[in-house]
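Structure first, then comments.
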Amino acid sequence: MFIIEKDPKSIAAESYRTLRTSIQYSSFDKEIQVIVITSAEPGEGKSTTAGNLALALAQDGKSVILIDCDLRKPSLHKRFKVSNTIGLSEILIGNQKIGEVAQMHNDNLVVLTSGKVPPNPSEMLASKAMTNLIGNLKDNFDYIVLDSAPVQVVTDSQILSTKADGTILVVKAQKTKRDSVKNAIGLLKKVNANILGTVLNGVEQSKSNYYYHYGDK
């Protein structure tokens, strides 16, 4: 279970609500509706951040769809304890419709798992089918949260960032190297990604881990 549901009064849960508010007020000129969550490297907590942020937005009364776009190493189905027999992959190749695949977590949050691991993840995410899917979802949800693969490992996050309104980079305290963060930001900027900021994961505070965010600009 995600911390924002498991322990809603914790420092960590409050940090996610603060992150939610920051995103909602991050742009005066352009609405932030489609958000990519990525990390510099594997194991930095991007999926945890994506799940908690989606839940925080849903708790604010917004309609949210959380999509596992990490088609290489998906994990959201495990965290939400739902089936991943079919998902995003099957929708993109035209075998399923989203209404038949997406799973309701609560009244405001819908989860779309990755589906079967395809042989060509980058091509699928770059496809017109993915662009059309996001466009259709924008008409039905207040927020679309995309959990993507680490930016330094594959090009998936760069591709998705070109289809999104904003991108958040997750880094892990005392693990992620400064050069790794700089390189990840550089890769995102190469595709003109709108980097909303960075989430620092795993900071020690009063003997407990919590999440803290700050702008990187």
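Here's how to read the names in the structure tokens: chain A, B, ... by the order shown, residue numbers from 1 in each chain, ligand numbers from 1 in the order shown.
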From the DSSP assignment of the backbone, select every residue of range 11-217 of chain A that is strand (DSSP E or B), and format the answer as a ChimeraX atom specification. /A:34-39,64-68,103-104,109-112,143-147,166-172,195-205,208-214
Can you check which parts of range 119-168 of chain A lie within 12 Å of range 68-71 of chain A? Per residue, the shortest pair of atoms and distance in Å to one decimal, counting only C-alpha atoms, sorted by chain and number, as JSON lines.
```
{"residue": "A:Pro119", "atom": "CA", "partner": "A:Leu71", "partner_atom": "CA", "distance": 9.4}
{"residue": "A:Asn120", "atom": "CA", "partner": "A:Leu71", "partner_atom": "CA", "distance": 9.0}
{"residue": "A:Pro121", "atom": "CA", "partner": "A:Leu71", "partner_atom": "CA", "distance": 5.9}
{"residue": "A:Ser122", "atom": "CA", "partner": "A:Leu71", "partner_atom": "CA", "distance": 8.6}
{"residue": "A:Glu123", "atom": "CA", "partner": "A:Leu71", "partner_atom": "CA", "distance": 11.0}
{"residue": "A:Met124", "atom": "CA", "partner": "A:Leu71", "partner_atom": "CA", "distance": 9.3}
{"residue": "A:Leu125", "atom": "CA", "partner": "A:Cys69", "partner_atom": "CA", "distance": 7.9}
{"residue": "A:Ala126", "atom": "CA", "partner": "A:Cys69", "partner_atom": "CA", "distance": 11.4}
{"residue": "A:Met130", "atom": "CA", "partner": "A:Cys69", "partner_atom": "CA", "distance": 10.3}
{"residue": "A:Ile134", "atom": "CA", "partner": "A:Cys69", "partner_atom": "CA", "distance": 11.9}
{"residue": "A:Ile144", "atom": "CA", "partner": "A:Asp68", "partner_atom": "CA", "distance": 10.9}
{"residue": "A:Val145", "atom": "CA", "partner": "A:Asp68", "partner_atom": "CA", "distance": 8.7}
{"residue": "A:Leu146", "atom": "CA", "partner": "A:Cys69", "partner_atom": "CA", "distance": 6.0}
{"residue": "A:Asp147", "atom": "CA", "partner": "A:Asp68", "partner_atom": "CA", "distance": 5.1}
{"residue": "A:Ser148", "atom": "CA", "partner": "A:Asp70", "partner_atom": "CA", "distance": 4.7}
{"residue": "A:Ala149", "atom": "CA", "partner": "A:Asp70", "partner_atom": "CA", "distance": 4.8}
{"residue": "A:Pro150", "atom": "CA", "partner": "A:Asp70", "partner_atom": "CA", "distance": 8.5}
{"residue": "A:Val151", "atom": "CA", "partner": "A:Asp70", "partner_atom": "CA", "distance": 10.9}
{"residue": "A:Val153", "atom": "CA", "partner": "A:Asp70", "partner_atom": "CA", "distance": 11.5}
{"residue": "A:Val154", "atom": "CA", "partner": "A:Asp70", "partner_atom": "CA", "distance": 10.3}
{"residue": "A:Thr155", "atom": "CA", "partner": "A:Asp70", "partner_atom": "CA", "distance": 11.1}
{"residue": "A:Asp156", "atom": "CA", "partner": "A:Asp70", "partner_atom": "CA", "distance": 8.0}
{"residue": "A:Ser157", "atom": "CA", "partner": "A:Cys69", "partner_atom": "CA", "distance": 8.9}
{"residue": "A:Ile159", "atom": "CA", "partner": "A:Cys69", "partner_atom": "CA", "distance": 11.0}
{"residue": "A:Leu160", "atom": "CA", "partner": "A:Cys69", "partner_atom": "CA", "distance": 8.8}
{"residue": "A:Ser161", "atom": "CA", "partner": "A:Cys69", "partner_atom": "CA", "distance": 11.7}
```
re CA of Lys6 in chain A and CA of Gln59 in chain A: distance 13.4 Å
Which one is closest to Ser75 in chain A: A:Val199, A:Ala184, A:Ile35, A:Val111? Count only C-alpha atoms.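 Checking each candidate against Ser75 in chain A, we get A:Val111 as the closest.
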Would you please work out which residue, of A:Lys190, A:Arg72, A:Lys97, A:Lys81, is nearest to Thr162 in chain A when using only C-alpha atoms? A:Lys190
May I have all residues of range 81-170 of chain A that DSSP, computed from the backbone, assigns to alpha helix (DSSP H), given as a PyMOL selection string? chain A and resi 88-92+98-101+121-126+128-138+156-161
Smallest atom-to-atom distance to Ser15 in chain A: which of A:Ser27, A:Gly61, A:Asn52, A:Ser180, using only C-alpha atoms? A:Asn52
Closest to Lys175 in chain A among A:Glu41, A:Glu90, A:Asp7, A:Glu14, using only C-alpha atoms? A:Glu41
Please list as JSON, numbers by chain every residue within 12 Å of Gln152 in chain A, counting only C-alpha atoms and excluding residues in the same chain fewer than 5 positions away. {"A": [38, 39, 40, 41, 42, 157, 158, 169, 176, 179, 180, 181, 182, 183, 184, 185, 186, 187, 188]}
Residues near Gly87 in chain A, anyone? I mean within 6 Å using only C-alpha atoms, not counting same-chain ones fewer than 5 positions away, as a list in words. Val101, Thr113, Ser114 and Gly115 of chain A
Distance in Å - CA of Leu66 in chain A versus CA of Asn95 in chain A: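 CA of Leu66 in chain A sits 20.2 Å away from CA of Asn95 in chain A.
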Nearby residues (only C-alpha atoms) at most 12 Å from Gly51 in chain A, same-chain spacing under 4 positions excluded, as a compact mmCIF listing (two decimals) with all heavy atoms, in the first residue's frame:
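Contents of around-v2.txt, as written:
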```
# COMPACT_ATOMS: atom_id res chain seq x y z
N MET A 1 0.84 -1.20 0.00
CA MET A 1 0.00 0.00 0.00
C MET A 1 0.88 1.25 0.00
O MET A 1 1.95 1.26 0.60
CB MET A 1 -0.94 0.00 1.22
CG MET A 1 -1.90 1.19 1.25
SD MET A 1 -3.01 1.16 2.66
CE MET A 1 -4.08 -0.21 2.18
N PHE A 2 0.43 2.28 -0.67
CA PHE A 2 1.18 3.53 -0.74
C PHE A 2 1.01 4.33 0.55
O PHE A 2 -0.04 4.30 1.17
CB PHE A 2 0.71 4.34 -1.94
CG PHE A 2 1.10 3.73 -3.26
CD1 PHE A 2 0.26 2.83 -3.90
CD2 PHE A 2 2.30 4.05 -3.87
CE1 PHE A 2 0.61 2.26 -5.12
CE2 PHE A 2 2.66 3.50 -5.08
CZ PHE A 2 1.82 2.60 -5.71
N ILE A 3 2.05 5.08 0.90
CA ILE A 3 2.10 5.78 2.18
C ILE A 3 0.95 6.77 2.33
O ILE A 3 0.45 6.99 3.43
CB ILE A 3 3.46 6.49 2.37
CG1 ILE A 3 3.63 6.99 3.80
CG2 ILE A 3 3.62 7.63 1.37
CD1 ILE A 3 3.78 5.89 4.82
N ILE A 4 0.51 7.37 1.24
CA ILE A 4 -0.54 8.37 1.35
C ILE A 4 -1.88 7.74 1.74
O ILE A 4 -2.77 8.41 2.27
CB ILE A 4 -0.66 9.18 0.04
CG1 ILE A 4 -1.30 10.54 0.32
CG2 ILE A 4 -1.41 8.41 -1.03
CD1 ILE A 4 -1.01 11.58 -0.71
N GLU A 5 -2.02 6.43 1.52
CA GLU A 5 -3.20 5.70 1.99
C GLU A 5 -2.91 5.01 3.32
O GLU A 5 -3.77 4.97 4.20
CB GLU A 5 -3.62 4.66 0.96
CG GLU A 5 -4.26 5.23 -0.28
CD GLU A 5 -4.77 4.15 -1.23
OE1 GLU A 5 -4.06 3.14 -1.42
OE2 GLU A 5 -5.87 4.31 -1.76
N ALA A 13 3.39 11.55 3.56
CA ALA A 13 2.11 11.80 2.91
C ALA A 13 1.89 13.30 2.71
O ALA A 13 1.42 13.74 1.66
CB ALA A 13 0.98 11.19 3.73
N TYR A 16 3.77 14.62 -0.24
CA TYR A 16 3.12 14.37 -1.53
C TYR A 16 1.99 15.35 -1.77
O TYR A 16 1.76 15.77 -2.91
CB TYR A 16 2.60 12.93 -1.59
CG TYR A 16 3.68 11.94 -1.90
CD1 TYR A 16 4.04 10.96 -0.99
CD2 TYR A 16 4.36 11.98 -3.11
CE1 TYR A 16 5.05 10.06 -1.26
CE2 TYR A 16 5.36 11.08 -3.40
CZ TYR A 16 5.70 10.12 -2.47
OH TYR A 16 6.70 9.24 -2.75
N VAL A 36 4.86 13.23 -16.61
CA VAL A 36 5.75 12.08 -16.67
C VAL A 36 6.57 12.01 -15.38
O VAL A 36 7.14 13.03 -14.96
CB VAL A 36 6.71 12.16 -17.88
CG1 VAL A 36 7.77 11.07 -17.81
CG2 VAL A 36 5.93 12.03 -19.17
N ILE A 37 6.63 10.84 -14.77
CA ILE A 37 7.49 10.62 -13.61
C ILE A 37 8.61 9.67 -14.03
O ILE A 37 8.35 8.56 -14.49
CB ILE A 37 6.72 9.99 -12.43
CG1 ILE A 37 5.44 10.77 -12.12
CG2 ILE A 37 7.63 9.91 -11.19
CD1 ILE A 37 5.66 12.16 -11.62
N GLY A 45 12.82 5.09 -6.85
CA GLY A 45 11.51 5.35 -6.28
C GLY A 45 10.54 6.06 -7.19
O GLY A 45 9.56 6.65 -6.72
N LYS A 46 10.74 5.99 -8.50
CA LYS A 46 9.85 6.70 -9.41
C LYS A 46 8.42 6.16 -9.38
O LYS A 46 7.46 6.92 -9.40
CB LYS A 46 10.40 6.68 -10.84
CG LYS A 46 10.45 5.29 -11.46
CD LYS A 46 10.89 5.31 -12.89
CE LYS A 46 10.87 3.90 -13.47
NZ LYS A 46 9.52 3.28 -13.46
N SER A 47 8.27 4.83 -9.32
CA SER A 47 6.94 4.24 -9.32
C SER A 47 6.20 4.54 -8.02
O SER A 47 4.99 4.77 -8.01
CB SER A 47 7.03 2.72 -9.55
OG SER A 47 7.56 2.44 -10.82
N LEU A 55 -2.48 9.29 -6.21
CA LEU A 55 -3.43 9.17 -5.11
C LEU A 55 -3.70 10.53 -4.46
O LEU A 55 -4.83 10.84 -4.10
CB LEU A 55 -2.89 8.19 -4.07
CG LEU A 55 -2.97 6.71 -4.46
CD1 LEU A 55 -2.05 5.87 -3.58
CD2 LEU A 55 -4.41 6.21 -4.36
N ALA A 56 -2.66 11.34 -4.32
CA ALA A 56 -2.82 12.67 -3.73
C ALA A 56 -3.71 13.54 -4.60
O ALA A 56 -4.58 14.27 -4.09
CB ALA A 56 -1.45 13.33 -3.54
N LEU A 57 -3.52 13.48 -5.89
CA LEU A 57 -4.37 14.25 -6.81
C LEU A 57 -5.82 13.77 -6.73
O LEU A 57 -6.76 14.57 -6.73
CB LEU A 57 -3.84 14.13 -8.23
CG LEU A 57 -2.50 14.82 -8.53
CD1 LEU A 57 -1.93 14.33 -9.85
CD2 LEU A 57 -2.68 16.34 -8.55
N ALA A 58 -6.00 12.44 -6.65
CA ALA A 58 -7.34 11.87 -6.57
C ALA A 58 -8.03 12.26 -5.27
O ALA A 58 -9.24 12.52 -5.24
CB ALA A 58 -7.27 10.35 -6.71
N VAL A 64 -8.22 11.09 -12.05
CA VAL A 64 -6.82 10.79 -12.37
C VAL A 64 -6.72 9.40 -12.99
O VAL A 64 -7.37 8.46 -12.55
CB VAL A 64 -5.94 10.83 -11.10
CG1 VAL A 64 -4.47 10.63 -11.46
CG2 VAL A 64 -6.12 12.16 -10.36
N ILE A 65 -5.87 9.28 -14.02
CA ILE A 65 -5.50 7.97 -14.52
C ILE A 65 -3.99 7.84 -14.41
O ILE A 65 -3.24 8.73 -14.82
CB ILE A 65 -5.97 7.71 -15.97
CG1 ILE A 65 -5.60 6.28 -16.39
CG2 ILE A 65 -5.44 8.76 -16.94
CD1 ILE A 65 -6.28 5.81 -17.66
N LEU A 66 -3.56 6.76 -13.80
CA LEU A 66 -2.14 6.45 -13.62
C LEU A 66 -1.79 5.32 -14.57
O LEU A 66 -2.41 4.26 -14.54
CB LEU A 66 -1.88 6.02 -12.17
CG LEU A 66 -0.48 5.46 -11.85
CD1 LEU A 66 0.60 6.51 -12.09
CD2 LEU A 66 -0.44 4.99 -10.38
N ILE A 67 -0.81 5.56 -15.45
CA ILE A 67 -0.46 4.57 -16.48
C ILE A 67 0.97 4.09 -16.28
O ILE A 67 1.90 4.90 -16.16
CB ILE A 67 -0.60 5.17 -17.89
CG1 ILE A 67 -1.99 5.77 -18.09
CG2 ILE A 67 -0.31 4.10 -18.94
CD1 ILE A 67 -2.19 6.44 -19.44
N ASP A 68 1.15 2.79 -16.25
CA ASP A 68 2.49 2.21 -16.16
C ASP A 68 3.08 2.16 -17.57
O ASP A 68 2.79 1.28 -18.36
CB ASP A 68 2.43 0.81 -15.57
CG ASP A 68 3.81 0.33 -15.13
OD1 ASP A 68 4.82 0.87 -15.62
OD2 ASP A 68 3.89 -0.59 -14.29
N SER A 75 5.89 -2.26 -12.72
CA SER A 75 5.76 -2.63 -11.31
C SER A 75 4.46 -2.15 -10.66
O SER A 75 4.13 -2.59 -9.56
CB SER A 75 6.94 -2.07 -10.51
OG SER A 75 6.92 -0.65 -10.52
N LEU A 76 3.74 -1.25 -11.31
CA LEU A 76 2.55 -0.69 -10.67
C LEU A 76 1.50 -1.75 -10.36
O LEU A 76 0.79 -1.65 -9.36
CB LEU A 76 1.94 0.42 -11.53
CG LEU A 76 2.70 1.75 -11.55
CD1 LEU A 76 1.98 2.74 -12.43
CD2 LEU A 76 2.86 2.31 -10.13
N HIS A 77 1.39 -2.78 -11.19
CA HIS A 77 0.40 -3.83 -10.92
C HIS A 77 0.71 -4.56 -9.62
O HIS A 77 -0.21 -4.97 -8.90
CB HIS A 77 0.33 -4.81 -12.09
CG HIS A 77 1.60 -5.56 -12.34
ND1 HIS A 77 2.71 -4.98 -12.93
CD2 HIS A 77 1.96 -6.84 -12.10
CE1 HIS A 77 3.67 -5.87 -13.04
NE2 HIS A 77 3.24 -7.01 -12.53
N LYS A 78 1.99 -4.70 -9.30
CA LYS A 78 2.37 -5.34 -8.04
C LYS A 78 2.04 -4.44 -6.87
O LYS A 78 1.57 -4.91 -5.82
CB LYS A 78 3.86 -5.65 -8.06
CG LYS A 78 4.29 -6.64 -9.14
CD LYS A 78 5.80 -6.83 -9.13
CE LYS A 78 6.24 -7.77 -10.26
NZ LYS A 78 7.72 -7.91 -10.30
N ARG A 79 2.27 -3.15 -7.03
CA ARG A 79 2.04 -2.21 -5.92
C ARG A 79 0.55 -2.03 -5.63
O ARG A 79 0.16 -1.85 -4.49
CB ARG A 79 2.70 -0.87 -6.24
CG ARG A 79 4.22 -0.97 -6.38
CD ARG A 79 4.84 0.28 -6.96
NE ARG A 79 6.24 0.08 -7.25
CZ ARG A 79 7.22 0.32 -6.39
NH1 ARG A 79 6.93 0.76 -5.18
NH2 ARG A 79 8.48 0.12 -6.74
N PHE A 80 -0.26 -2.07 -6.69
CA PHE A 80 -1.70 -1.94 -6.51
C PHE A 80 -2.40 -3.29 -6.37
O PHE A 80 -3.60 -3.34 -6.15
CB PHE A 80 -2.31 -1.17 -7.69
CG PHE A 80 -2.14 0.32 -7.60
CD1 PHE A 80 -1.07 0.94 -8.24
CD2 PHE A 80 -3.02 1.10 -6.87
CE1 PHE A 80 -0.91 2.32 -8.16
CE2 PHE A 80 -2.87 2.47 -6.78
CZ PHE A 80 -1.80 3.09 -7.43
N HIS A 105 -9.33 2.08 -8.98
CA HIS A 105 -8.77 1.90 -7.65
C HIS A 105 -9.70 2.50 -6.61
O HIS A 105 -9.91 1.93 -5.54
CB HIS A 105 -7.39 2.54 -7.56
CG HIS A 105 -6.77 2.44 -6.20
ND1 HIS A 105 -6.32 1.23 -5.69
CD2 HIS A 105 -6.56 3.37 -5.22
CE1 HIS A 105 -5.84 1.44 -4.47
NE2 HIS A 105 -5.98 2.72 -4.16
N LEU A 109 -9.58 7.53 -8.99
CA LEU A 109 -8.32 7.04 -9.57
C LEU A 109 -8.52 5.77 -10.38
O LEU A 109 -9.05 4.78 -9.88
CB LEU A 109 -7.28 6.80 -8.48
CG LEU A 109 -5.94 6.21 -8.96
CD1 LEU A 109 -5.25 7.15 -9.95
CD2 LEU A 109 -5.02 5.92 -7.77
N VAL A 110 -8.06 5.81 -11.62
CA VAL A 110 -8.04 4.66 -12.51
C VAL A 110 -6.59 4.28 -12.77
O VAL A 110 -5.74 5.14 -12.98
CB VAL A 110 -8.74 4.99 -13.85
CG1 VAL A 110 -8.58 3.84 -14.85
CG2 VAL A 110 -10.22 5.29 -13.63
N VAL A 111 -6.30 2.98 -12.73
CA VAL A 111 -4.95 2.49 -12.97
C VAL A 111 -4.93 1.68 -14.26
O VAL A 111 -5.75 0.78 -14.45
CB VAL A 111 -4.46 1.61 -11.79
CG1 VAL A 111 -3.06 1.05 -12.09
CG2 VAL A 111 -4.43 2.42 -10.50
N LEU A 112 -4.01 2.02 -15.14
CA LEU A 112 -3.80 1.25 -16.37
C LEU A 112 -2.42 0.62 -16.30
O LEU A 112 -1.41 1.32 -16.31
CB LEU A 112 -3.91 2.15 -17.60
CG LEU A 112 -3.63 1.49 -18.96
CD1 LEU A 112 -4.60 0.33 -19.21
CD2 LEU A 112 -3.73 2.52 -20.09
N THR A 113 -2.37 -0.68 -16.19
CA THR A 113 -1.09 -1.39 -16.09
C THR A 113 -0.42 -1.45 -17.46
O THR A 113 -1.00 -1.06 -18.48
CB THR A 113 -1.28 -2.81 -15.54
OG1 THR A 113 -2.10 -3.56 -16.46
CG2 THR A 113 -1.96 -2.77 -14.18
N ILE A 144 -3.27 13.00 -15.97
CA ILE A 144 -2.75 11.74 -16.50
C ILE A 144 -1.31 11.61 -16.02
O ILE A 144 -0.45 12.42 -16.38
CB ILE A 144 -2.79 11.73 -18.04
CG1 ILE A 144 -4.22 11.97 -18.54
CG2 ILE A 144 -2.22 10.43 -18.59
CD1 ILE A 144 -4.30 12.40 -19.99
N VAL A 145 -1.05 10.65 -15.17
CA VAL A 145 0.28 10.45 -14.59
C VAL A 145 0.93 9.24 -15.27
O VAL A 145 0.38 8.14 -15.23
CB VAL A 145 0.21 10.24 -13.07
CG1 VAL A 145 1.62 10.04 -12.49
CG2 VAL A 145 -0.47 11.44 -12.39
N LEU A 146 2.10 9.47 -15.89
CA LEU A 146 2.79 8.43 -16.63
C LEU A 146 4.05 8.01 -15.89
O LEU A 146 4.98 8.79 -15.74
CB LEU A 146 3.16 8.94 -18.03
CG LEU A 146 2.03 9.58 -18.86
CD1 LEU A 146 2.58 10.09 -20.19
CD2 LEU A 146 0.89 8.59 -19.09
N ASP A 147 4.08 6.77 -15.43
CA ASP A 147 5.26 6.20 -14.77
C ASP A 147 6.16 5.64 -15.87
O ASP A 147 5.80 4.68 -16.55
CB ASP A 147 4.84 5.10 -13.79
CG ASP A 147 6.03 4.43 -13.14
OD1 ASP A 147 7.14 5.01 -13.15
OD2 ASP A 147 5.86 3.32 -12.61
N SER A 148 7.33 6.26 -16.06
CA SER A 148 8.19 5.90 -17.19
C SER A 148 9.50 5.28 -16.74
O SER A 148 9.88 5.36 -15.57
CB SER A 148 8.47 7.15 -18.03
OG SER A 148 9.23 6.82 -19.18
```
Nearest residue to Asp107 in chain A out of A:Val82, A:Lys62, A:Leu137, A:Gly94, using only C-alpha atoms?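 Nearest candidate to Asp107 in chain A out of A:Val82, A:Lys62, A:Leu137, A:Gly94: A:Lys62.
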Just the number, please: distance in Å from CA of Lys9 in chain A to CA of Ile32 in chain A, one decimal. 26.4 Å
